[in-house]
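File shown here: model.txt, holding compact mmCIF, C-alpha atoms (C1' of nucleotides).
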```txt
# COMPACT_ATOMS: atom_id res chain seq x y z
CA MET A 1 -21.28 -23.60 7.25
CA THR A 2 -20.83 -21.85 3.93
CA ILE A 3 -19.48 -18.35 3.71
CA GLY A 4 -22.97 -17.08 3.02
CA GLU A 5 -24.31 -18.60 6.20
CA VAL A 6 -21.44 -17.28 8.28
CA ALA A 7 -21.91 -13.84 6.81
CA ALA A 8 -25.62 -13.84 7.56
CA ARG A 9 -25.09 -15.00 11.11
CA ALA A 10 -22.31 -12.52 11.77
CA GLY A 11 -24.16 -9.68 10.11
CA LEU A 12 -21.43 -9.17 7.53
CA GLN A 13 -21.08 -9.49 3.78
CA PRO A 14 -19.31 -12.56 2.44
CA SER A 15 -16.88 -10.21 0.76
CA ALA A 16 -15.88 -8.83 4.14
CA ILE A 17 -15.11 -12.28 5.42
CA ARG A 18 -12.93 -13.05 2.42
CA PHE A 19 -11.28 -9.71 2.96
CA TYR A 20 -10.50 -10.52 6.59
CA GLU A 21 -9.12 -13.84 5.54
CA LYS A 22 -6.83 -12.23 3.03
CA ALA A 23 -5.78 -9.70 5.64
CA GLY A 24 -4.76 -12.53 7.93
CA LEU A 25 -7.43 -11.96 10.56
CA LEU A 26 -9.00 -15.34 9.91
CA THR A 27 -7.19 -18.58 9.23
CA GLN A 28 -7.87 -20.34 5.94
CA PRO A 29 -10.92 -22.52 6.35
CA ALA A 30 -11.29 -26.02 4.96
CA ARG A 31 -12.52 -26.30 1.39
CA ASN A 32 -15.12 -28.45 -0.23
CA GLY A 33 -14.93 -28.36 -3.98
CA GLY A 34 -13.13 -25.05 -3.75
CA ARG A 35 -15.71 -23.57 -1.41
CA ARG A 36 -14.97 -22.43 2.09
CA VAL A 37 -16.37 -24.57 4.88
CA TYR A 38 -16.50 -23.00 8.32
CA GLN A 39 -16.80 -24.26 11.88
CA THR A 40 -18.99 -22.34 14.30
CA GLU A 41 -15.86 -21.08 15.97
CA VAL A 42 -15.44 -18.54 13.21
CA LEU A 43 -18.49 -16.69 14.50
CA HIS A 44 -16.71 -16.13 17.74
CA GLN A 45 -13.62 -14.85 15.97
CA LEU A 46 -15.71 -12.51 13.88
CA SER A 47 -17.45 -11.12 16.93
CA ILE A 48 -14.08 -10.26 18.40
CA ILE A 49 -13.01 -8.57 15.20
CA CYS A 50 -16.22 -6.57 15.01
CA PHE A 51 -15.98 -5.51 18.60
CA ALA A 52 -12.45 -4.21 18.14
CA LYS A 53 -13.39 -2.49 14.91
CA GLU A 54 -16.18 -0.63 16.63
CA LEU A 55 -13.63 0.81 18.96
CA GLY A 56 -11.55 2.19 16.18
CA PHE A 57 -8.91 -0.52 15.98
CA SER A 58 -7.59 -0.86 12.47
CA LEU A 59 -7.55 -4.30 10.93
CA GLU A 60 -3.79 -4.23 11.13
CA GLU A 61 -3.95 -3.57 14.84
CA ILE A 62 -6.49 -6.30 15.35
CA SER A 63 -4.22 -8.58 13.44
CA ILE A 64 -1.33 -7.81 15.77
CA LEU A 65 -3.47 -8.21 18.85
CA LEU A 66 -4.80 -11.56 17.67
CA LYS A 67 -1.73 -13.07 16.10
CA GLU A 68 0.84 -11.97 18.62
CA PHE A 69 -1.20 -12.58 21.67
CA PRO A 70 1.41 -13.41 24.23
CA GLU A 71 1.42 -16.59 26.20
CA ASN A 72 3.47 -14.56 28.52
CA ALA A 73 2.94 -10.84 28.43
CA LYS A 74 6.69 -10.29 28.13
CA ALA A 75 6.93 -12.39 24.98
CA SER A 76 5.90 -9.84 22.38
CA PRO A 77 7.23 -6.30 22.60
CA ARG A 78 5.04 -5.36 19.68
CA TRP A 79 1.94 -6.67 21.41
CA ASN A 80 2.83 -4.93 24.63
CA GLN A 81 3.53 -1.69 22.86
CA LEU A 82 0.24 -1.75 21.02
CA ALA A 83 -1.71 -2.72 24.11
CA THR A 84 -0.16 0.09 26.12
CA THR A 85 -0.89 2.59 23.39
CA LYS A 86 -4.43 1.35 23.07
CA ILE A 87 -5.05 1.62 26.81
CA GLN A 88 -4.08 5.26 26.61
CA GLU A 89 -6.30 5.76 23.61
CA MET A 90 -9.23 4.14 25.36
CA ASN A 91 -8.79 6.46 28.30
CA SER A 92 -8.63 9.40 25.99
CA ILE A 93 -11.74 8.27 24.20
CA VAL A 94 -13.64 7.93 27.45
CA THR A 95 -12.65 11.42 28.51
CA LYS A 96 -13.61 12.99 25.24
CA ALA A 97 -16.77 11.04 24.68
CA THR A 98 -17.94 11.96 28.15
CA ALA A 99 -17.21 15.61 27.48
CA VAL A 100 -19.08 15.57 24.19
CA ARG A 101 -22.03 13.77 25.69
CA ASN A 102 -22.23 16.27 28.50
CA MET A 103 -22.00 19.11 26.08
CA LEU A 104 -24.72 17.77 23.80
CA GLU A 105 -26.96 16.99 26.72
CA SER A 106 -26.58 20.43 28.18
CA VAL A 107 -27.26 22.02 24.83
CA LEU A 108 -30.37 19.92 24.35
CA ARG A 109 -31.57 20.94 27.78
CA CYS A 110 -30.67 24.60 28.01
CA HIS A 111 -30.97 27.39 25.51
CA CYS A 112 -27.41 28.30 24.72
CA THR A 113 -26.76 30.51 21.75
CA LYS A 114 -23.09 29.74 21.33
CA LEU A 115 -21.89 26.24 20.65
CA GLU A 116 -18.40 27.64 20.44
CA ASP A 117 -18.39 28.59 24.10
CA CYS A 118 -19.22 25.10 25.24
CA ALA A 119 -16.76 23.55 22.83
CA GLU A 120 -13.99 25.82 23.95
CA ARG A 121 -14.48 24.96 27.59
CA LEU A 122 -14.38 21.30 26.72
CA ASN A 123 -11.47 21.65 24.40
CA ASN A 124 -9.36 23.35 27.01
CA SER A 125 -9.94 20.66 29.56
CA GLY A 126 -9.40 17.64 27.33
CA LYS A 127 -6.44 18.49 25.15
CA ARG A 128 -4.73 16.25 22.72
CA ALA A 129 -5.43 12.64 22.43
CA ARG A 130 -6.30 11.92 18.94
CA LEU A 131 -8.89 9.46 17.90
CA ARG A 132 -8.33 7.57 14.78
CA GLN A 133 -9.47 9.29 11.75
CA VAL A 134 -12.66 7.64 10.94
CA SER A 135 -13.43 7.60 7.34
CA GLN A 136 -16.49 5.66 7.21
CA LYS A 137 -19.60 5.78 5.26
CA ALA A 138 -22.68 6.40 7.28
CA GLU A 139 -22.54 2.76 8.25
CA ARG A 140 -18.83 2.39 8.39
CA GLY A 141 -17.07 4.99 10.38
CA PRO A 142 -14.82 4.04 13.21
CA PHE A 143 -16.99 5.86 15.57
CA PRO A 144 -20.56 5.04 16.09
CA THR A 145 -22.03 7.77 14.04
CA LYS A 146 -22.91 6.45 10.74
CA GLN A 147 -20.94 3.47 10.02
CA THR A 148 -21.09 4.06 6.35
CA MET B 1 -3.49 36.21 8.99
CA THR B 2 -2.56 34.24 5.91
CA ILE B 3 -3.63 30.66 5.44
CA GLY B 4 -0.11 29.52 6.22
CA GLU B 5 -0.14 31.29 9.55
CA VAL B 6 -3.54 29.94 10.45
CA ALA B 7 -2.45 26.44 9.52
CA ALA B 8 0.69 26.66 11.63
CA ARG B 9 -1.22 27.98 14.60
CA ALA B 10 -3.97 25.40 14.31
CA GLY B 11 -1.55 22.57 13.67
CA LEU B 12 -3.06 21.80 10.29
CA GLN B 13 -1.97 21.89 6.67
CA PRO B 14 -3.14 24.80 4.56
CA SER B 15 -4.71 22.26 2.26
CA ALA B 16 -6.91 21.02 5.10
CA ILE B 17 -8.16 24.52 5.72
CA ARG B 18 -9.05 25.01 2.07
CA PHE B 19 -10.72 21.63 2.18
CA TYR B 20 -12.84 22.59 5.18
CA GLU B 21 -13.79 25.79 3.46
CA LYS B 22 -14.93 23.93 0.38
CA ALA B 23 -16.83 21.50 2.58
CA GLY B 24 -18.71 24.41 4.11
CA LEU B 25 -17.22 24.11 7.58
CA LEU B 26 -15.60 27.51 7.34
CA THR B 27 -17.12 30.61 5.80
CA GLN B 28 -15.27 32.20 2.91
CA PRO B 29 -12.67 34.55 4.31
CA ALA B 30 -11.88 37.98 2.94
CA ARG B 31 -9.37 38.12 0.10
CA ASN B 32 -6.41 40.32 -0.56
CA GLY B 33 -5.13 40.03 -4.08
CA GLY B 34 -6.83 36.68 -4.35
CA ARG B 35 -5.33 35.40 -1.12
CA ARG B 36 -7.31 34.43 1.92
CA VAL B 37 -7.12 36.78 4.87
CA TYR B 38 -8.28 35.40 8.20
CA GLN B 39 -9.36 36.87 11.50
CA THR B 40 -8.22 35.20 14.71
CA GLU B 41 -11.73 33.87 15.16
CA VAL B 42 -11.00 31.18 12.62
CA LEU B 43 -8.61 29.55 15.10
CA HIS B 44 -11.50 29.09 17.45
CA GLN B 45 -13.63 27.56 14.74
CA LEU B 46 -10.85 25.22 13.75
CA SER B 47 -10.38 24.10 17.33
CA ILE B 48 -14.04 23.14 17.45
CA ILE B 49 -13.75 21.25 14.20
CA CYS B 50 -10.66 19.39 15.36
CA PHE B 51 -12.23 18.53 18.65
CA ALA B 52 -15.30 17.06 17.01
CA LYS B 53 -13.19 15.21 14.50
CA GLU B 54 -11.21 13.56 17.26
CA LEU B 55 -14.45 12.19 18.58
CA GLY B 56 -15.27 10.55 15.33
CA PHE B 57 -17.70 13.07 13.96
CA SER B 58 -17.59 13.17 10.19
CA LEU B 59 -17.12 16.50 8.50
CA GLU B 60 -20.68 16.27 7.31
CA GLU B 61 -21.92 15.86 10.85
CA ILE B 62 -19.78 18.70 12.07
CA SER B 63 -21.25 20.78 9.32
CA ILE B 64 -24.76 20.01 10.54
CA LEU B 65 -23.87 20.66 14.15
CA LEU B 66 -22.28 23.98 13.28
CA LYS B 67 -24.66 25.25 10.65
CA GLU B 68 -27.90 24.19 12.27
CA PHE B 69 -27.03 25.00 15.78
CA PRO B 70 -30.38 25.91 17.26
CA GLU B 71 -31.10 29.25 18.82
CA ASN B 72 -33.78 27.29 20.47
CA ALA B 73 -33.20 23.58 20.82
CA LYS B 74 -36.61 22.93 19.32
CA ALA B 75 -35.80 24.85 16.17
CA SER B 76 -33.94 22.19 14.22
CA PRO B 77 -35.24 18.63 14.20
CA ARG B 78 -32.20 17.56 12.26
CA TRP B 79 -29.88 19.01 14.87
CA ASN B 80 -31.82 17.44 17.69
CA GLN B 81 -31.85 14.12 15.98
CA LEU B 82 -28.14 14.16 15.39
CA ALA B 83 -27.40 15.32 18.92
CA THR B 84 -29.58 12.59 20.41
CA THR B 85 -27.97 9.94 18.26
CA LYS B 86 -24.55 11.21 19.16
CA ILE B 87 -25.29 11.14 22.87
CA GLN B 88 -26.16 7.48 22.56
CA GLU B 89 -23.04 6.84 20.56
CA MET B 90 -20.92 8.58 23.15
CA ASN B 91 -22.39 6.43 25.90
CA SER B 92 -21.77 3.34 23.88
CA ILE B 93 -18.20 4.39 23.22
CA VAL B 94 -17.55 4.98 26.88
CA THR B 95 -18.85 1.54 27.76
CA LYS B 96 -16.87 -0.22 25.09
CA ALA B 97 -13.68 1.74 25.52
CA THR B 98 -13.75 1.05 29.23
CA ALA B 99 -14.24 -2.64 28.59
CA VAL B 100 -11.37 -2.78 26.13
CA ARG B 101 -9.09 -0.85 28.43
CA ASN B 102 -9.87 -3.18 31.30
CA MET B 103 -9.29 -6.16 29.11
CA LEU B 104 -5.95 -4.92 27.83
CA GLU B 105 -4.85 -3.94 31.31
CA SER B 106 -5.76 -7.29 32.76
CA VAL B 107 -3.96 -9.08 29.96
CA LEU B 108 -0.86 -6.98 30.44
CA ARG B 109 -0.93 -7.76 34.13
CA CYS B 110 -1.92 -11.41 34.29
CA HIS B 111 -0.88 -14.38 32.23
CA CYS B 112 -3.98 -15.33 30.33
CA THR B 113 -3.64 -17.71 27.45
CA LYS B 114 -6.89 -16.96 25.67
CA LEU B 115 -7.68 -13.52 24.40
CA GLU B 116 -10.92 -14.89 23.02
CA ASP B 117 -12.27 -15.63 26.47
CA CYS B 118 -11.80 -12.08 27.65
CA ALA B 119 -13.20 -10.67 24.45
CA GLU B 120 -16.27 -12.83 24.66
CA ARG B 121 -17.05 -11.70 28.16
CA LEU B 122 -16.72 -8.11 27.05
CA ASN B 123 -18.68 -8.61 23.93
CA ASN B 124 -21.60 -10.11 25.76
CA SER B 125 -21.87 -7.22 28.16
CA GLY B 126 -21.59 -4.41 25.65
CA LYS B 127 -23.58 -5.46 22.62
CA ARG B 128 -24.32 -3.48 19.56
CA ALA B 129 -23.61 0.14 19.28
CA ARG B 130 -21.56 0.78 16.28
CA LEU B 131 -18.76 3.20 16.16
CA ARG B 132 -18.10 4.96 13.01
CA GLN B 133 -15.99 3.15 10.59
CA VAL B 134 -12.70 4.80 10.63
CA SER B 135 -10.94 4.67 7.38
CA GLN B 136 -7.88 6.66 7.93
CA LYS B 137 -4.32 6.27 7.06
CA ALA B 138 -2.16 5.33 9.90
CA GLU B 139 -2.21 8.94 10.74
CA ARG B 140 -5.72 9.67 9.68
CA GLY B 141 -8.19 7.34 11.24
CA PRO B 142 -11.19 8.68 13.04
CA PHE B 143 -10.11 7.12 16.23
CA PRO B 144 -7.13 8.19 18.16
CA THR B 145 -4.78 5.58 17.02
CA LYS B 146 -2.45 7.06 14.60
CA GLN B 147 -3.62 10.29 13.17
CA THR B 148 -1.14 10.53 10.43
C1' DC C 1 13.45 44.79 -10.74
C1' DT C 2 13.78 40.24 -9.74
C1' DA C 3 14.29 35.82 -7.17
C1' DG C 4 11.90 33.11 -4.35
C1' DA C 5 8.57 32.05 -0.86
C1' DA C 6 3.83 31.65 -0.25
C1' DC C 7 -0.20 31.75 -2.27
C1' DT C 8 -4.15 30.39 -6.01
C1' DT C 9 -7.08 26.65 -8.46
C1' DA C 10 -8.51 22.26 -10.23
C1' DA C 11 -7.50 17.74 -10.70
C1' DA C 12 -5.38 13.62 -9.48
C1' DG C 13 -3.45 10.67 -5.96
C1' DT C 14 -3.51 8.33 -1.20
C1' DT C 15 -5.19 5.13 2.44
C1' DA C 16 -8.29 1.81 4.72
C1' DA C 17 -11.77 -1.16 4.43
C1' DA C 18 -14.62 -2.97 1.93
C1' DT C 19 -17.93 -3.61 -2.13
C1' DT C 20 -18.74 -4.43 -6.84
C1' DC C 21 -17.73 -6.50 -11.13
C1' DA C 22 -16.34 -9.92 -14.52
C1' DA C 23 -15.75 -14.37 -15.72
C1' DG C 24 -16.06 -18.66 -14.42
C1' DT C 25 -17.11 -23.08 -11.19
C1' DC C 26 -20.06 -26.13 -8.56
C1' DA C 27 -24.08 -28.36 -6.57
C1' DA C 28 -29.09 -28.97 -6.05
C1' DG C 29 -33.48 -29.48 -7.90
C1' DC C 30 -36.39 -30.48 -11.72
C1' DG D 1 -28.87 -32.75 -18.54
C1' DC D 2 -29.66 -28.25 -17.60
C1' DT D 3 -30.93 -24.13 -15.14
C1' DT D 4 -30.22 -21.51 -11.08
C1' DG D 5 -28.26 -19.76 -7.10
C1' DA D 6 -24.27 -19.61 -4.29
C1' DC D 7 -19.77 -19.81 -4.66
C1' DT D 8 -14.67 -18.82 -6.62
C1' DT D 9 -10.88 -15.35 -7.95
C1' DG D 10 -8.65 -11.06 -9.07
C1' DA D 11 -9.22 -6.48 -10.46
C1' DA D 12 -11.54 -2.29 -10.29
C1' DT D 13 -14.46 0.86 -7.82
C1' DT D 14 -16.09 3.30 -3.66
C1' DT D 15 -15.88 6.67 0.33
C1' DA D 16 -13.88 10.07 3.55
C1' DA D 17 -10.65 13.17 4.39
C1' DC D 18 -7.09 14.90 2.94
C1' DT D 19 -2.47 15.61 0.34
C1' DT D 20 0.01 16.18 -3.79
C1' DT D 21 0.77 17.98 -8.20
C1' DA D 22 0.65 21.15 -11.92
C1' DA D 23 0.50 25.50 -13.63
C1' DG D 24 0.17 29.93 -12.62
C1' DT D 25 -0.10 34.41 -9.50
C1' DT D 26 1.36 37.62 -5.85
C1' DC D 27 3.86 39.45 -2.04
C1' DT D 28 8.41 40.42 -0.01
C1' DA D 29 13.31 40.99 0.44
C1' DG D 30 17.26 42.51 -1.52
```
When written as structure tokens, how does the structure in this file appear?
Amino acid sequence: MTIGEVAARAGLQPSAIRFYEKAGLLTQPARNGGRRVYQTEVLHQLSIICFAKELGFSLEEISILLKEFPENAKASPRWNQLATTKIQEMNSIVTKATAVRNMLESVLRCHCTKLEDCAERLNNSGKRARLRQVSQKAERGPFPTKQT
Amino acid sequence: MTIGEVAARAGLQPSAIRFYEKAGLLTQPARNGGRRVYQTEVLHQLSIICFAKELGFSLEEISILLKEFPENAKASPRWNQLATTKIQEMNSIVTKATAVRNMLESVLRCHCTKLEDCAERLNNSGKRARLRQVSQKAERGPFPTKQT
DNA sequence: CTAGAACTTAAAGTTAAATTCAAGTCAAGC
DNA sequence: GCTTGACTTGAATTTAACTTTAAGTTCTAG
């Protein structure tokens, strides 16, 4: 497959794929006359990358998770550290996302007049577990909003 | 309170508070000799902003949620639309974050040799709900990772 | 009264994750 | 043989959310 085909199938831009390659998330593919030639396996790798990205993993983190994946969990302290941190973050995300969903649902259903009241209640129960700062375009953010 | 006091109490930089003001998330405070003078209420507003930010809401979205909060839920189509979209995003986040957590936990515990296999299983069960693209510094991403 | 801390603004810089651009190469069809 | 579309590279630009800087003002302590 050419890079254009891979991009189309993965729902990405060719430039993104080159970018991932340069960032070390993808291994260098074979070349034919200078052009990249991909195996179908790359689609699988890209789906993993996209999945992690959607959850707010930075490319650097994905790189660590992919490249240092331990044969034996004890082998890579860096991998273990990141995984442990990420587990905590995932738990935090679940807690907060659930709280926000409940808040929005209750506001859509009832006729509150003070968003602040709801937010405060939530805020007091779910303190301090920061999500990554998403700086995305509408289509790109780390969270599912717009994904700028 | 001065901006410095507010910042210290809210755990933010004064520059962030000025930035939020310019972005329309905070109303213009009173001035004393050109300097901003805040009421304690601003701390409450900032806590709401920070909470939403942690969940991956962009400042623009927060602005909509705050400024168009409906007296009556039917009053603002834009608000309703955003809230509905966000509820879906929150559900998607919960699903994905749970899957990732389970994957990382199982990998930490067992001795898998193929991260890809786990990821594929997960990916197939939780398709397509994009989180916002987080483009933060290590400390600034929209997701909870590093929050620089 | 004055030194210095804390404030003011506007403008420029930072970071991540790409995209876009410029200039050029290659391969397929006519 | 040439045009065209897809590709190549590296460099510059983009966006969000701030921070930093520069140049100047004001409040406070001594």
So, with all atoms listed in the file as the atoms that count, which of A:Leu46, A:Ile3, A:Ala52, A:Ala97 lies closest to chain D? A:Ile3
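Using all atoms listed in the file, the nearest neighbour of chain A within the list D:DA23, D:DC7, D:DC18, D:DA29 is D:DC7.
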Counting all atoms listed in the file, which residues of chain C come no farther than 8 Å from chain B, as a VMD selection string? chain C and resid 6 to 8 15 to 17
Set the distance at 12 Å and use all atoms listed in the file: which residues neighbour C:DG4 once local chain neighbours fewer than 5 positions away are removed? I'd like the list as a list of chain:residue names. D:DT26, D:DC27, D:DT28, D:DA29, D:DG30
Residues of chain D within 9 Å of chain B, counting all atoms listed in the file - could you list those as a PyMOL selection string? chain D and resi 15-19+25-26
Write the selection just made, keeping C-alpha atoms (C1' of nucleotides), as an mmCIF file, in the frame of the given file?
```cif
data_model
loop_
_atom_site.group_PDB
_atom_site.id
_atom_site.type_symbol
_atom_site.label_atom_id
_atom_site.label_comp_id
_atom_site.auth_asym_id
_atom_site.auth_seq_id
_atom_site.Cartn_x
_atom_site.Cartn_y
_atom_site.Cartn_z
ATOM 1 C "C1'" DT D 15 -15.880 6.670 0.330
ATOM 2 C "C1'" DA D 16 -13.880 10.070 3.550
ATOM 3 C "C1'" DA D 17 -10.650 13.170 4.390
ATOM 4 C "C1'" DC D 18 -7.090 14.900 2.940
ATOM 5 C "C1'" DT D 19 -2.470 15.610 0.340
ATOM 6 C "C1'" DT D 25 -0.100 34.410 -9.500
ATOM 7 C "C1'" DT D 26 1.360 37.620 -5.850
#
```
May I have the residues within 6 Å of stretch 84-94 of chain A as a PyMOL selection string, using all atoms listed in the file and disregarding those fewer than 4 positions away in the same chain? (chain A and resi 98+129) or (chain B and resi 94+97+101)
What is the atom CA of B:His44 to atom CA of B:Leu26 distance in Å? 11.0 Å
Just how far from atom CA of A:Val107 is atom CA of B:Asn80, in Å to one decimal?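 The value is 9.6 Å.
Between atom CA of A:Glu68 and atom CA of A:Gln81 the separation is 11.4 Å.
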In terms of the shortest atom-to-atom distance over all atoms listed in the file, which of B:Leu25, B:Ile64, B:Ile17, B:Ile48 is closest to chain A?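 Closest to chain A of all the choices is B:Ile48.
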Compile the contact shell of C:DG29 as a list in words: residues with an atom at most 12 Å away, counting all atoms listed in the file, same-chain residues fewer than 5 positions apart removed.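 In the requested format, the answer is DC2, DT3, DT4 and DG5 of chain D.
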Written file, previous selection with C-alpha atoms (C1' of nucleotides), as an mmCIF file, in the coordinates of the input:
```cif
data_model
loop_
_atom_site.group_PDB
_atom_site.id
_atom_site.type_symbol
_atom_site.label_atom_id
_atom_site.label_comp_id
_atom_site.auth_asym_id
_atom_site.auth_seq_id
_atom_site.Cartn_x
_atom_site.Cartn_y
_atom_site.Cartn_z
ATOM 1 C "C1'" DC D 2 -29.660 -28.250 -17.600
ATOM 2 C "C1'" DT D 3 -30.930 -24.130 -15.140
ATOM 3 C "C1'" DT D 4 -30.220 -21.510 -11.080
ATOM 4 C "C1'" DG D 5 -28.260 -19.760 -7.100
#
```
Any idea what's packed within 12 Å of C:DG24, counting only C-alpha atoms (C1' of nucleotides), ignoring anything in its chain fewer than 6 positions away? Could you give it as a PyMOL selection string? chain D and resi 7-10
Using all atoms listed in the file for the distances, tell me which of B:Leu65, B:Ala99, B:Val42, B:Leu55 is nearest to B:Ala83.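 So, comparing all the options, the nearest one is B:Leu65.
Closest approach to chain A among B:Gly24, B:Glu41, B:Glu105, B:Arg18: B:Glu105, based on all atoms listed in the file.
Distances to A:Val6 were evaluated for A:Gln39, A:Thr27, A:Asn102, A:Ser76 using all atoms listed in the file, and the minimum falls at A:Gln39.
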Got a sec to check which residues sit within 10 Å of (-8.5, 17.0, -6.6), counting only C-alpha atoms (C1' of nucleotides), and write them as a ChimeraX atom specification? /C:9-13 /D:18-21
Prev. selection, C-alpha atoms (C1' of nucleotides), output as a compact mmCIF listing (two decimals), keeping the file's coordinate frame:
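New file result-v2.txt:
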```
# COMPACT_ATOMS: atom_id res chain seq x y z
C1' DT C 9 -7.08 26.65 -8.46
C1' DA C 10 -8.51 22.26 -10.23
C1' DA C 11 -7.50 17.74 -10.70
C1' DA C 12 -5.38 13.62 -9.48
C1' DG C 13 -3.45 10.67 -5.96
C1' DC D 18 -7.09 14.90 2.94
C1' DT D 19 -2.47 15.61 0.34
C1' DT D 20 0.01 16.18 -3.79
C1' DT D 21 0.77 17.98 -8.20
```
Regenerate stretch 15-32 of chain A at the level of N, CA and C atoms and dump it as a PDB file, in the coordinates of the input.
```
ATOM      1  N   SER A  15     -18.104 -10.866   1.245  1.00  0.00           N
ATOM      2  CA  SER A  15     -16.880 -10.210   0.760  1.00  0.00           C
ATOM      3  C   SER A  15     -16.018  -9.719   1.915  1.00  0.00           C
ATOM      4  N   ALA A  16     -16.645  -9.301   2.976  1.00  0.00           N
ATOM      5  CA  ALA A  16     -15.880  -8.830   4.140  1.00  0.00           C
ATOM      6  C   ALA A  16     -15.121  -9.972   4.779  1.00  0.00           C
ATOM      7  N   ILE A  17     -15.769 -11.121   4.816  1.00  0.00           N
ATOM      8  CA  ILE A  17     -15.110 -12.280   5.420  1.00  0.00           C
ATOM      9  C   ILE A  17     -13.909 -12.718   4.589  1.00  0.00           C
ATOM     10  N   ARG A  18     -14.077 -12.727   3.274  1.00  0.00           N
ATOM     11  CA  ARG A  18     -12.930 -13.050   2.420  1.00  0.00           C
ATOM     12  C   ARG A  18     -11.817 -12.027   2.609  1.00  0.00           C
ATOM     13  N   PHE A  19     -12.245 -10.795   2.751  1.00  0.00           N
ATOM     14  CA  PHE A  19     -11.280  -9.710   2.960  1.00  0.00           C
ATOM     15  C   PHE A  19     -10.497  -9.918   4.258  1.00  0.00           C
ATOM     16  N   TYR A  20     -11.166 -10.278   5.314  1.00  0.00           N
ATOM     17  CA  TYR A  20     -10.500 -10.520   6.590  1.00  0.00           C
ATOM     18  C   TYR A  20      -9.546 -11.701   6.479  1.00  0.00           C
ATOM     19  N   GLU A  21      -9.978 -12.668   5.724  1.00  0.00           N
ATOM     20  CA  GLU A  21      -9.120 -13.840   5.540  1.00  0.00           C
ATOM     21  C   GLU A  21      -7.843 -13.434   4.835  1.00  0.00           C
ATOM     22  N   LYS A  22      -8.001 -12.674   3.778  1.00  0.00           N
ATOM     23  CA  LYS A  22      -6.830 -12.230   3.030  1.00  0.00           C
ATOM     24  C   LYS A  22      -5.915 -11.348   3.877  1.00  0.00           C
ATOM     25  N   ALA A  23      -6.554 -10.597   4.776  1.00  0.00           N
ATOM     26  CA  ALA A  23      -5.780  -9.700   5.640  1.00  0.00           C
ATOM     27  C   ALA A  23      -5.125 -10.461   6.793  1.00  0.00           C
ATOM     28  N   GLY A  24      -5.402 -11.736   6.885  1.00  0.00           N
ATOM     29  CA  GLY A  24      -4.760 -12.530   7.930  1.00  0.00           C
ATOM     30  C   GLY A  24      -5.471 -12.506   9.274  1.00  0.00           C
ATOM     31  N   LEU A  25      -6.689 -12.002   9.304  1.00  0.00           N
ATOM     32  CA  LEU A  25      -7.430 -11.960  10.560  1.00  0.00           C
ATOM     33  C   LEU A  25      -8.127 -13.290  10.835  1.00  0.00           C
ATOM     34  N   LEU A  26      -8.375 -14.024   9.768  1.00  0.00           N
ATOM     35  CA  LEU A  26      -9.000 -15.340   9.910  1.00  0.00           C
ATOM     36  C   LEU A  26      -8.081 -16.368   9.253  1.00  0.00           C
ATOM     37  N   THR A  27      -8.009 -17.544   9.859  1.00  0.00           N
ATOM     38  CA  THR A  27      -7.190 -18.580   9.230  1.00  0.00           C
ATOM     39  C   THR A  27      -7.953 -19.165   8.052  1.00  0.00           C
ATOM     40  N   GLN A  28      -7.233 -19.760   7.120  1.00  0.00           N
ATOM     41  CA  GLN A  28      -7.870 -20.340   5.940  1.00  0.00           C
ATOM     42  C   GLN A  28      -8.757 -21.485   6.371  1.00  0.00           C
ATOM     43  N   PRO A  29     -10.009 -21.432   5.982  1.00  0.00           N
ATOM     44  CA  PRO A  29     -10.920 -22.520   6.350  1.00  0.00           C
ATOM     45  C   PRO A  29     -10.715 -23.720   5.430  1.00  0.00           C
ATOM     46  N   ALA A  30     -11.312 -24.846   5.826  1.00  0.00           N
ATOM     47  CA  ALA A  30     -11.290 -26.020   4.960  1.00  0.00           C
ATOM     48  C   ALA A  30     -12.053 -25.692   3.677  1.00  0.00           C
ATOM     49  N   ARG A  31     -11.823 -26.528   2.658  1.00  0.00           N
ATOM     50  CA  ARG A  31     -12.520 -26.300   1.390  1.00  0.00           C
ATOM     51  C   ARG A  31     -13.257 -27.560   0.968  1.00  0.00           C
ATOM     52  N   ASN A  32     -14.371 -27.341   0.335  1.00  0.00           N
ATOM     53  CA  ASN A  32     -15.120 -28.450  -0.230  1.00  0.00           C
ATOM     54  C   ASN A  32     -15.431 -28.076  -1.666  1.00  0.00           C
TER      55      ASN A  32
END
```
